[in-house]
>>> print(open('structure.json').read())   # JSON, C-alpha atoms and all ligand atoms
[["chain", "number", "residue", "atom", "x", "y", "z"],
["A", 1, "MET", "CA", 88.25, 76.67, 111.63],
["A", 2, "LYS", "CA", 89.67, 74.36, 108.95],
["A", 3, "ALA", "CA", 93.41, 74.75, 108.28],
["A", 4, "PHE", "CA", 93.01, 76.18, 104.77],
["A", 5, "GLU", "CA", 90.54, 78.81, 106.00],
["A", 6, "ARG", "CA", 93.41, 80.58, 107.76],
["A", 7, "ILE", "CA", 94.93, 81.51, 104.40],
["A", 8, "TYR", "CA", 94.05, 84.84, 102.77],
["A", 9, "VAL", "CA", 95.72, 85.34, 99.39],
["A", 10, "ALA", "CA", 97.11, 88.83, 98.70],
["A", 11, "LEU", "CA", 96.07, 89.96, 95.22],
["A", 12, "ASP", "CA", 98.66, 92.60, 94.41],
["A", 13, "THR", "CA", 97.70, 93.21, 90.79],
["A", 14, "THR", "CA", 95.83, 95.77, 88.70],
["A", 15, "ASP", "CA", 94.24, 93.05, 86.55],
["A", 16, "VAL", "CA", 90.69, 92.40, 87.68],
["A", 17, "SER", "CA", 90.09, 89.49, 85.27],
["A", 18, "TYR", "CA", 93.21, 87.69, 86.47],
["A", 19, "ALA", "CA", 92.21, 88.36, 90.10],
["A", 20, "VAL", "CA", 88.68, 87.01, 89.64],
["A", 21, "GLU", "CA", 89.98, 83.95, 87.79],
["A", 22, "LEU", "CA", 92.52, 83.24, 90.53],
["A", 23, "ALA", "CA", 89.86, 83.69, 93.23],
["A", 24, "GLN", "CA", 87.61, 81.22, 91.39],
["A", 25, "LYS", "CA", 90.42, 78.67, 91.17],
["A", 26, "LEU", "CA", 91.30, 79.09, 94.86],
["A", 27, "LYS", "CA", 87.74, 78.96, 96.19],
["A", 28, "GLY", "CA", 87.45, 76.11, 98.69],
["A", 29, "LEU", "CA", 91.26, 75.89, 98.94],
["A", 30, "VAL", "CA", 91.88, 79.11, 100.91],
["A", 31, "GLY", "CA", 89.81, 81.13, 103.39],
["A", 32, "GLY", "CA", 89.67, 84.48, 101.60],
["A", 33, "MET", "CA", 91.29, 87.05, 99.36],
["A", 34, "LYS", "CA", 93.10, 90.23, 100.38],
["A", 35, "VAL", "CA", 92.95, 93.30, 98.16],
["A", 36, "GLY", "CA", 95.19, 96.27, 98.76],
["A", 37, "LYS", "CA", 96.20, 99.63, 97.36],
["A", 38, "GLU", "CA", 97.37, 98.43, 93.92],
["A", 39, "PHE", "CA", 94.15, 96.56, 93.13],
["A", 40, "PHE", "CA", 91.85, 99.16, 94.72],
["A", 41, "THR", "CA", 93.51, 102.14, 93.00],
["A", 42, "ALA", "CA", 93.11, 100.43, 89.63],
["A", 43, "ASN", "CA", 89.67, 98.92, 90.08],
["A", 44, "GLY", "CA", 87.87, 100.66, 92.96],
["A", 45, "PRO", "CA", 84.90, 99.25, 94.89],
["A", 46, "GLN", "CA", 83.53, 97.56, 91.75],
["A", 47, "GLY", "CA", 86.72, 95.54, 91.41],
["A", 48, "VAL", "CA", 86.49, 94.45, 95.05],
["A", 49, "ALA", "CA", 82.83, 93.50, 94.51],
["A", 50, "ALA", "CA", 83.89, 91.27, 91.60],
["A", 51, "ILE", "CA", 86.22, 89.36, 93.96],
["A", 52, "ARG", "CA", 83.62, 89.22, 96.73],
["A", 53, "ASP", "CA", 81.04, 87.92, 94.25],
["A", 54, "VAL", "CA", 83.19, 84.83, 93.75],
["A", 55, "GLY", "CA", 81.90, 83.96, 97.22],
["A", 56, "MET", "CA", 84.91, 84.36, 99.48],
["A", 57, "PRO", "CA", 85.52, 86.73, 102.39],
["A", 58, "VAL", "CA", 87.53, 89.82, 101.43],
["A", 59, "PHE", "CA", 90.13, 91.64, 103.52],
["A", 60, "LEU", "CA", 90.16, 95.28, 102.36],
["A", 61, "ASP", "CA", 93.78, 96.17, 103.18],
["A", 62, "LEU", "CA", 93.87, 99.93, 102.58],
["A", 63, "LYS", "CA", 95.72, 100.71, 105.86],
["A", 64, "PHE", "CA", 94.01, 104.05, 106.48],
["A", 65, "HIS", "CA", 96.28, 106.54, 108.26],
["A", 66, "ASP", "CA", 94.79, 110.03, 108.58],
["A", 67, "ILE", "CA", 92.94, 112.24, 111.04],
["A", 68, "PRO", "CA", 90.10, 110.53, 112.97],
["A", 69, "ASN", "CA", 87.21, 112.08, 111.03],
["A", 70, "THR", "CA", 88.71, 111.14, 107.65],
["A", 71, "VAL", "CA", 89.49, 107.56, 108.65],
["A", 72, "ALA", "CA", 86.04, 107.03, 110.18],
["A", 73, "GLY", "CA", 84.42, 108.38, 107.00],
["A", 74, "ALA", "CA", 86.51, 106.07, 104.81],
["A", 75, "ILE", "CA", 85.49, 103.04, 106.88],
["A", 76, "ARG", "CA", 81.81, 103.99, 106.77],
["A", 77, "ALA", "CA", 82.17, 104.43, 102.99],
["A", 78, "ALA", "CA", 83.32, 100.80, 102.77],
["A", 79, "LYS", "CA", 79.95, 99.49, 103.99],
["A", 80, "PRO", "CA", 78.59, 98.66, 100.48],
["A", 81, "ILE", "CA", 81.78, 96.69, 99.74],
["A", 82, "ALA", "CA", 81.01, 94.48, 102.77],
["A", 83, "PRO", "CA", 84.56, 93.36, 103.57],
["A", 84, "GLN", "CA", 85.14, 90.79, 106.28],
["A", 85, "ILE", "CA", 88.21, 92.72, 107.48],
["A", 86, "ILE", "CA", 89.28, 96.36, 107.15],
["A", 87, "ASN", "CA", 92.35, 98.07, 108.60],
["A", 88, "VAL", "CA", 94.03, 101.29, 109.69],
["A", 89, "HIS", "CA", 97.53, 102.13, 110.94],
["A", 90, "ALA", "CA", 97.80, 101.93, 114.75],
["A", 91, "GLN", "CA", 100.20, 104.88, 114.58],
["A", 92, "GLY", "CA", 97.16, 107.05, 113.78],
["A", 93, "GLY", "CA", 96.76, 107.32, 117.55],
["A", 94, "PRO", "CA", 94.06, 106.61, 120.17],
["A", 95, "GLU", "CA", 91.30, 108.94, 118.93],
["A", 96, "MET", "CA", 91.65, 107.73, 115.35],
["A", 97, "LEU", "CA", 91.58, 104.11, 116.52],
["A", 98, "LYS", "CA", 88.46, 104.69, 118.64],
["A", 99, "GLN", "CA", 86.61, 106.35, 115.75],
["A", 100, "ALA", "CA", 87.76, 103.59, 113.37],
["A", 101, "ALA", "CA", 86.38, 100.91, 115.72],
["A", 102, "ASN", "CA", 83.04, 102.73, 116.00],
["A", 103, "ALA", "CA", 82.84, 103.25, 112.23],
["A", 104, "GLY", "CA", 83.62, 99.57, 111.60],
["A", 105, "ARG", "CA", 80.79, 98.53, 113.93],
["A", 106, "GLU", "CA", 78.39, 101.05, 112.29],
["A", 107, "ALA", "CA", 79.31, 99.67, 108.86],
["A", 108, "GLY", "CA", 78.72, 96.08, 110.03],
["A", 109, "ILE", "CA", 82.30, 95.05, 109.21],
["A", 110, "PRO", "CA", 83.15, 91.96, 111.31],
["A", 111, "LEU", "CA", 86.82, 92.80, 111.96],
["A", 112, "THR", "CA", 88.36, 96.27, 112.16],
["A", 113, "ILE", "CA", 92.06, 95.88, 112.87],
["A", 114, "ALA", "CA", 95.24, 97.98, 112.95],
["A", 115, "VAL", "CA", 98.69, 97.54, 111.42],
["A", 116, "THR", "CA", 101.48, 97.63, 114.01],
["A", 117, "ILE", "CA", 104.91, 97.72, 112.34],
["A", 118, "LEU", "CA", 105.07, 96.62, 108.71],
["A", 119, "THR", "CA", 106.71, 93.22, 108.15],
["A", 120, "ALA", "CA", 109.06, 94.74, 105.55],
["A", 121, "LEU", "CA", 110.75, 96.80, 108.30],
["A", 122, "ASP", "CA", 113.54, 95.71, 110.64],
["A", 123, "GLN", "CA", 115.24, 97.30, 113.63],
["A", 124, "ASP", "CA", 117.48, 99.48, 111.42],
["A", 125, "ASP", "CA", 114.42, 100.88, 109.66],
["A", 126, "LEU", "CA", 112.77, 101.67, 113.00],
["A", 127, "ASP", "CA", 115.92, 103.46, 114.14],
["A", 128, "ALA", "CA", 116.02, 105.37, 110.82],
["A", 129, "ILE", "CA", 112.51, 106.77, 111.35],
["A", 130, "GLY", "CA", 113.38, 107.79, 114.90],
["A", 131, "ILE", "CA", 111.50, 105.21, 116.93],
["A", 132, "ASN", "CA", 113.88, 104.57, 119.80],
["A", 133, "ASP", "CA", 112.51, 101.26, 120.96],
["A", 134, "THR", "CA", 112.81, 97.62, 120.01],
["A", 135, "ILE", "CA", 110.44, 96.37, 117.33],
["A", 136, "GLU", "CA", 108.90, 93.98, 119.83],
["A", 137, "ASP", "CA", 108.19, 96.67, 122.44],
["A", 138, "GLN", "CA", 106.78, 99.06, 119.84],
["A", 139, "VAL", "CA", 104.57, 96.36, 118.31],
["A", 140, "VAL", "CA", 103.20, 95.34, 121.72],
["A", 141, "ARG", "CA", 102.59, 99.01, 122.63],
["A", 142, "LEU", "CA", 100.60, 99.52, 119.40],
["A", 143, "ALA", "CA", 98.70, 96.25, 119.87],
["A", 144, "LYS", "CA", 97.65, 97.28, 123.42],
["A", 145, "LEU", "CA", 96.65, 100.72, 122.15],
["A", 146, "THR", "CA", 94.59, 99.06, 119.43],
["A", 147, "GLN", "CA", 92.85, 96.75, 121.90],
["A", 148, "ASP", "CA", 92.25, 99.52, 124.47],
["A", 149, "ASN", "CA", 90.49, 101.57, 121.81],
["A", 150, "GLY", "CA", 88.05, 98.84, 120.84],
["A", 151, "LEU", "CA", 89.44, 97.26, 117.67],
["A", 152, "ASP", "CA", 89.35, 93.53, 117.05],
["A", 153, "GLY", "CA", 93.00, 92.75, 116.37],
["A", 154, "VAL", "CA", 96.22, 93.71, 114.66],
["A", 155, "VAL", "CA", 98.38, 93.01, 111.65],
["A", 156, "CYS", "CA", 101.78, 91.90, 112.94],
["A", 157, "SER", "CA", 104.76, 89.75, 112.06],
["A", 158, "ALA", "CA", 104.70, 86.18, 113.35],
["A", 159, "LYS", "CA", 107.85, 87.07, 115.29],
["A", 160, "GLU", "CA", 105.76, 89.18, 117.70],
["A", 161, "ILE", "CA", 102.83, 86.81, 118.21],
["A", 162, "ALA", "CA", 103.95, 85.50, 121.61],
["A", 163, "PRO", "CA", 104.40, 88.90, 123.31],
["A", 164, "ILE", "CA", 101.16, 90.22, 121.79],
["A", 165, "ARG", "CA", 99.24, 87.17, 123.00],
["A", 166, "ALA", "CA", 100.74, 87.66, 126.48],
["A", 167, "ALA", "CA", 99.65, 91.33, 126.49],
["A", 168, "CYS", "CA", 96.29, 91.12, 124.69],
["A", 169, "GLY", "CA", 94.97, 87.62, 125.40],
["A", 170, "PRO", "CA", 93.68, 84.74, 123.26],
["A", 171, "ASP", "CA", 90.65, 86.44, 121.66],
["A", 172, "PHE", "CA", 92.49, 89.35, 120.06],
["A", 173, "LYS", "CA", 92.81, 88.56, 116.32],
["A", 174, "LEU", "CA", 96.31, 88.32, 114.88],
["A", 175, "ILE", "CA", 96.46, 88.70, 111.10],
["A", 176, "VAL", "CA", 99.93, 87.81, 109.91],
["A", 177, "PRO", "CA", 101.67, 88.68, 106.61],
["A", 178, "GLY", "CA", 105.38, 88.13, 105.97],
["A", 179, "ILE", "CA", 104.67, 84.43, 105.57],
["A", 180, "ARG", "CA", 107.27, 82.49, 103.64],
["A", 181, "PRO", "CA", 107.22, 78.71, 103.13],
["A", 182, "ALA", "CA", 110.77, 77.27, 103.17],
["A", 183, "TRP", "CA", 110.64, 76.99, 99.35],
["A", 184, "ALA", "CA", 109.66, 80.65, 98.71],
["A", 185, "ALA", "CA", 111.80, 83.76, 98.19],
["A", 186, "LYS", "CA", 111.70, 86.43, 100.93],
["A", 187, "GLY", "CA", 111.57, 89.35, 98.50],
["A", 188, "ASP", "CA", 111.16, 92.64, 100.37],
["A", 189, "GLN", "CA", 109.84, 91.02, 103.55],
["A", 190, "LYS", "CA", 112.21, 91.19, 106.56],
["A", 191, "ARG", "CA", 110.31, 89.70, 109.54],
["A", 192, "VAL", "CA", 109.16, 86.36, 108.11],
["A", 193, "MET", "CA", 108.09, 82.93, 109.31],
["A", 194, "THR", "CA", 106.84, 79.74, 107.65],
["A", 195, "PRO", "CA", 103.07, 79.14, 107.57],
["A", 196, "ARG", "CA", 103.31, 76.17, 109.94],
["A", 197, "ASP", "CA", 105.47, 77.99, 112.52],
["A", 198, "ALA", "CA", 103.22, 81.06, 112.37],
["A", 199, "VAL", "CA", 100.10, 79.00, 113.14],
["A", 200, "LEU", "CA", 101.94, 77.10, 115.87],
["A", 201, "ALA", "CA", 102.92, 80.49, 117.34],
["A", 202, "GLY", "CA", 99.22, 81.49, 117.44],
["A", 203, "ALA", "CA", 98.37, 83.33, 114.18],
["A", 204, "ASP", "CA", 94.65, 83.48, 113.37],
["A", 205, "ILE", "CA", 94.96, 84.39, 109.70],
["A", 206, "LEU", "CA", 97.97, 84.15, 107.37],
["A", 207, "VAL", "CA", 98.22, 86.69, 104.56],
["A", 208, "ILE", "CA", 100.17, 85.12, 101.72],
["A", 209, "GLY", "CA", 100.81, 86.78, 98.37],
["A", 210, "ARG", "CA", 103.76, 86.04, 96.09],
["A", 211, "PRO", "CA", 104.51, 82.50, 97.33],
["A", 212, "ILE", "CA", 101.09, 81.63, 95.84],
["A", 213, "THR", "CA", 100.44, 84.24, 93.14],
["A", 214, "GLN", "CA", 103.94, 84.09, 91.61],
["A", 215, "ALA", "CA", 104.18, 80.29, 91.75],
["A", 216, "ASP", "CA", 104.19, 78.39, 88.46],
["A", 217, "ASP", "CA", 100.98, 76.77, 89.68],
["A", 218, "PRO", "CA", 99.19, 78.95, 92.28],
["A", 219, "VAL", "CA", 96.60, 76.25, 93.04],
["A", 220, "GLU", "CA", 99.31, 73.70, 93.76],
["A", 221, "ALA", "CA", 101.19, 76.24, 95.93],
["A", 222, "ALA", "CA", 98.04, 77.02, 97.96],
["A", 223, "GLN", "CA", 97.34, 73.31, 98.43],
["A", 224, "LYS", "CA", 100.93, 72.68, 99.52],
["A", 225, "ILE", "CA", 100.66, 75.43, 102.16],
["A", 226, "ALA", "CA", 97.26, 74.22, 103.36],
["A", 227, "HIS", "CA", 98.68, 70.71, 103.64],
["A", 228, "GLU", "CA", 101.49, 72.09, 105.83],
["A", 229, "LEU", "CA", 98.83, 73.46, 108.18],
["A", 230, "GLU", "CA", 96.73, 70.29, 108.47],
["A", 231, "GLY", "CA", 96.38, 68.89, 111.96],
["A", 232, "LEU", "CA", 97.55, 72.08, 113.71],
["B", 301, "LIG", "O1", 102.96, 94.49, 107.72],
["B", 301, "LIG", "C1", 102.41, 94.20, 106.63],
["B", 301, "LIG", "C2", 101.13, 94.59, 106.32],
["B", 301, "LIG", "C3", 100.59, 94.19, 105.12],
["B", 301, "LIG", "N1", 101.27, 93.45, 104.24],
["B", 301, "LIG", "C4", 100.61, 93.05, 102.99],
["B", 301, "LIG", "O2", 100.55, 91.63, 102.92],
["B", 301, "LIG", "C5", 100.85, 91.18, 101.60],
["B", 301, "LIG", "C6", 102.03, 90.26, 101.66],
["B", 301, "LIG", "O3", 102.36, 89.83, 100.37],
["B", 301, "LIG", "P1", 103.60, 88.87, 100.06],
["B", 301, "LIG", "O4", 103.62, 88.81, 98.57],
["B", 301, "LIG", "O5", 103.27, 87.53, 100.69],
["B", 301, "LIG", "O6", 104.83, 89.48, 100.63],
["B", 301, "LIG", "C7", 101.08, 92.41, 100.74],
["B", 301, "LIG", "O7", 99.89, 92.66, 100.03],
["B", 301, "LIG", "C8", 101.32, 93.54, 101.73],
["B", 301, "LIG", "O8", 100.76, 94.76, 101.31],
["B", 301, "LIG", "C9", 102.55, 93.07, 104.56],
["B", 301, "LIG", "O9", 103.23, 92.39, 103.77],
["B", 301, "LIG", "N2", 103.08, 93.45, 105.76]]
>>> encode(input="structure.json", output="structure tokens", more="lines below")
Ligand SMILES: O=c1ccn([C@@H]2O[C@H](COP(=O)(O)O)[C@@H](O)[C@H]2O)c(=O)[nH]1
Amino acid sequence: MKAFERIYVALDTTDVSYAVELAQKLKGLVGGMKVGKEFFTANGPQGVAAIRDVGMPVFLDLKFHDIPNTVAGAIRAAKPIAPQIINVHAQGGPEMLKQAANAGREAGIPLTIAVTILTALDQDDLDAIGINDTIEDQVVRLAKLTQDNGLDGVVCSAKEIAPIRAACGPDFKLIVPGIRPAWAAKGDQKRVMTPRDAVLAGADILVIGRPITQADDPVEAAQKIAHELEGL
């Protein structure tokens, strides 16, 4: 994999024309585009198809979290969108994860993955929602649960890559948001790492939004990040 192909750009916008234009400009400079709840709620499957038609892989980041039958149905319904990656919340539990993995395979989606603990949360947040464990232990528990139920990988912070790799091995895909180059603002992200350090730690894919999309020149920002990753 070439260094720049590890970068998926998060398109958190409602504006489909802007998103398509940005995807066109970034084609060949990054590996794919990530669309989430804001874009999908505004533009639906047709909006995602417009991004996919630019000719880049799409990560459909809808983070399904519901009963097993509902999640499996939602994943099967994504088949016509043909995303490269789709995801659910690992906290949906073992049966939901199993049915999600089966539905992803049925729909021909290459990677069905699960979110562990969101990168905008820290230990205080975990305590506040009543999870009486360290972030690291809870993330590793959810990653193991995800792997044991047949999914392809997890969304995690770069801070937890080493213990997940130790528990789940080298082939389990680690998709990592909360990426902040030294020159970018953290915003609402709490568990962050630079692109270079995240890849050195073992990230497969870096999800990067605002450091690119909010930059004065998004193309230049993407190139700068890709350059940081060269030779790793
Ligand atoms: O734990 C998670 C899971 C998903 N995300 C998503 O990634 C991007 C990050 O965007 P930035 O602008 O680089 O912060 C965003 O779309 C989130 O929904 C995450 O940040 N953390």
>>> closest_residue(input="structure.json", among="A:Leu26, A:Ala128, A:Leu151, A:Cys156", to="ligand LIG 301 (chain B)", atoms="all atoms listed in the file")
A:Cys156
>>> closest_atom_pairs(input="structure.json", of="chain A", to="ligand LIG 301 (chain B)", cutoff="9 Å", atoms="all atoms listed in the file", output="CSV")
residue,atom,partner,partner_atom,distance
A:Val9,CA,B:LIG301,O5,8.0
A:Ala10,CA,B:LIG301,O7,4.9
A:Leu11,CA,B:LIG301,O7,6.7
A:Asp12,CA,B:LIG301,O7,5.8
A:Lys34,CA,B:LIG301,O7,7.2
A:Val35,CA,B:LIG301,O7,7.2
A:Gly36,CA,B:LIG301,O7,6.1
A:Lys37,CA,B:LIG301,O8,7.8
A:Glu38,CA,B:LIG301,O7,8.8
A:Asp61,CA,B:LIG301,C3,7.4
A:Leu62,CA,B:LIG301,O8,8.7
A:Lys63,CA,B:LIG301,C3,8.2
A:Val115,CA,B:LIG301,C2,6.4
A:Thr116,CA,B:LIG301,O1,7.2
A:Ile117,CA,B:LIG301,O1,6.0
A:Leu118,CA,B:LIG301,O1,3.2
A:Thr119,CA,B:LIG301,O1,4.0
A:Ala120,CA,B:LIG301,N2,6.1
A:Leu121,CA,B:LIG301,O1,8.1
A:Val155,CA,B:LIG301,C2,6.2
A:Cys156,CA,B:LIG301,O1,5.9
A:Ser157,CA,B:LIG301,O1,6.7
A:Ile175,CA,B:LIG301,C2,8.9
A:Val176,CA,B:LIG301,C1,7.6
A:Pro177,CA,B:LIG301,O2,4.9
A:Gly178,CA,B:LIG301,O9,5.3
A:Ile179,CA,B:LIG301,O5,5.9
A:Arg180,CA,B:LIG301,O5,7.1
A:Lys186,CA,B:LIG301,O6,7.5
A:Gly187,CA,B:LIG301,O6,7.1
A:Asp188,CA,B:LIG301,O6,7.1
A:Gln189,CA,B:LIG301,O6,6.0
A:Arg191,CA,B:LIG301,O1,9.0
A:Val207,CA,B:LIG301,O2,5.7
A:Ile208,CA,B:LIG301,O5,4.1
A:Gly209,CA,B:LIG301,O5,3.5
A:Arg210,CA,B:LIG301,O4,3.7
A:Pro211,CA,B:LIG301,O5,6.2
A:Ile212,CA,B:LIG301,O5,7.9
A:Thr213,CA,B:LIG301,O4,7.8
A:Gln214,CA,B:LIG301,O4,8.4
>>> residues_around(input="structure.json", residues="A:Asn102", least_positions_apart="3", cutoff="10 Å", atoms="only C-alpha atoms", output="short mmCIF file (atom, residue, chain, number, x, y, z; two decimals) with C-alpha atoms, in the frame of the given file")
data_model
loop_
_atom_site.label_atom_id
_atom_site.label_comp_id
_atom_site.auth_asym_id
_atom_site.auth_seq_id
_atom_site.Cartn_x
_atom_site.Cartn_y
_atom_site.Cartn_z
CA ALA A 72 86.04 107.03 110.18
CA ILE A 75 85.49 103.04 106.88
CA ARG A 76 81.81 103.99 106.77
CA MET A 96 91.65 107.73 115.35
CA LEU A 97 91.58 104.11 116.52
CA LYS A 98 88.46 104.69 118.64
CA GLN A 99 86.61 106.35 115.75
CA ARG A 105 80.79 98.53 113.93
CA GLU A 106 78.39 101.05 112.29
CA ALA A 107 79.31 99.67 108.86
CA GLY A 108 78.72 96.08 110.03
CA THR A 112 88.36 96.27 112.16
CA ASN A 149 90.49 101.57 121.81
CA GLY A 150 88.05 98.84 120.84
CA LEU A 151 89.44 97.26 117.67
#
>>> closest_residue(input="structure.json", among="A:Pro80, A:Val88, A:Ile7, A:Val20", to="A:Ala221", atoms="all atoms listed in the file")
A:Ile7
>>> atom_distance(input="structure.json", atom1="atom CA of A:Glu136", atom2="atom CA of A:Gly104")
27.2 Å
>>> residues_near_point(input="structure.json", point="(101.3, 81.1, 118.0)", cutoff="9 Å", atoms="only C-alpha atoms", output="MDAnalysis selection string")
chainID A and resid 158 161:162 165 197:204
>>> residues_around(input="structure.json", residues="A:Ala182", least_positions_apart="4", cutoff="12 Å", atoms="only C-alpha atoms", output="list in words")
Lys186, Val192, Met193, Thr194, Pro195, Arg196, Asp197, Pro211, Lys224, Ile225 and Glu228 of chain A
>>> atom_distance(input="structure.json", atom1="atom CA of A:Ile113", atom2="atom CA of A:Val16")
25.5 Å
>>> atom_distance(input="structure.json", atom1="atom CA of A:Pro45", atom2="atom CA of A:Ile67")
22.2 Å
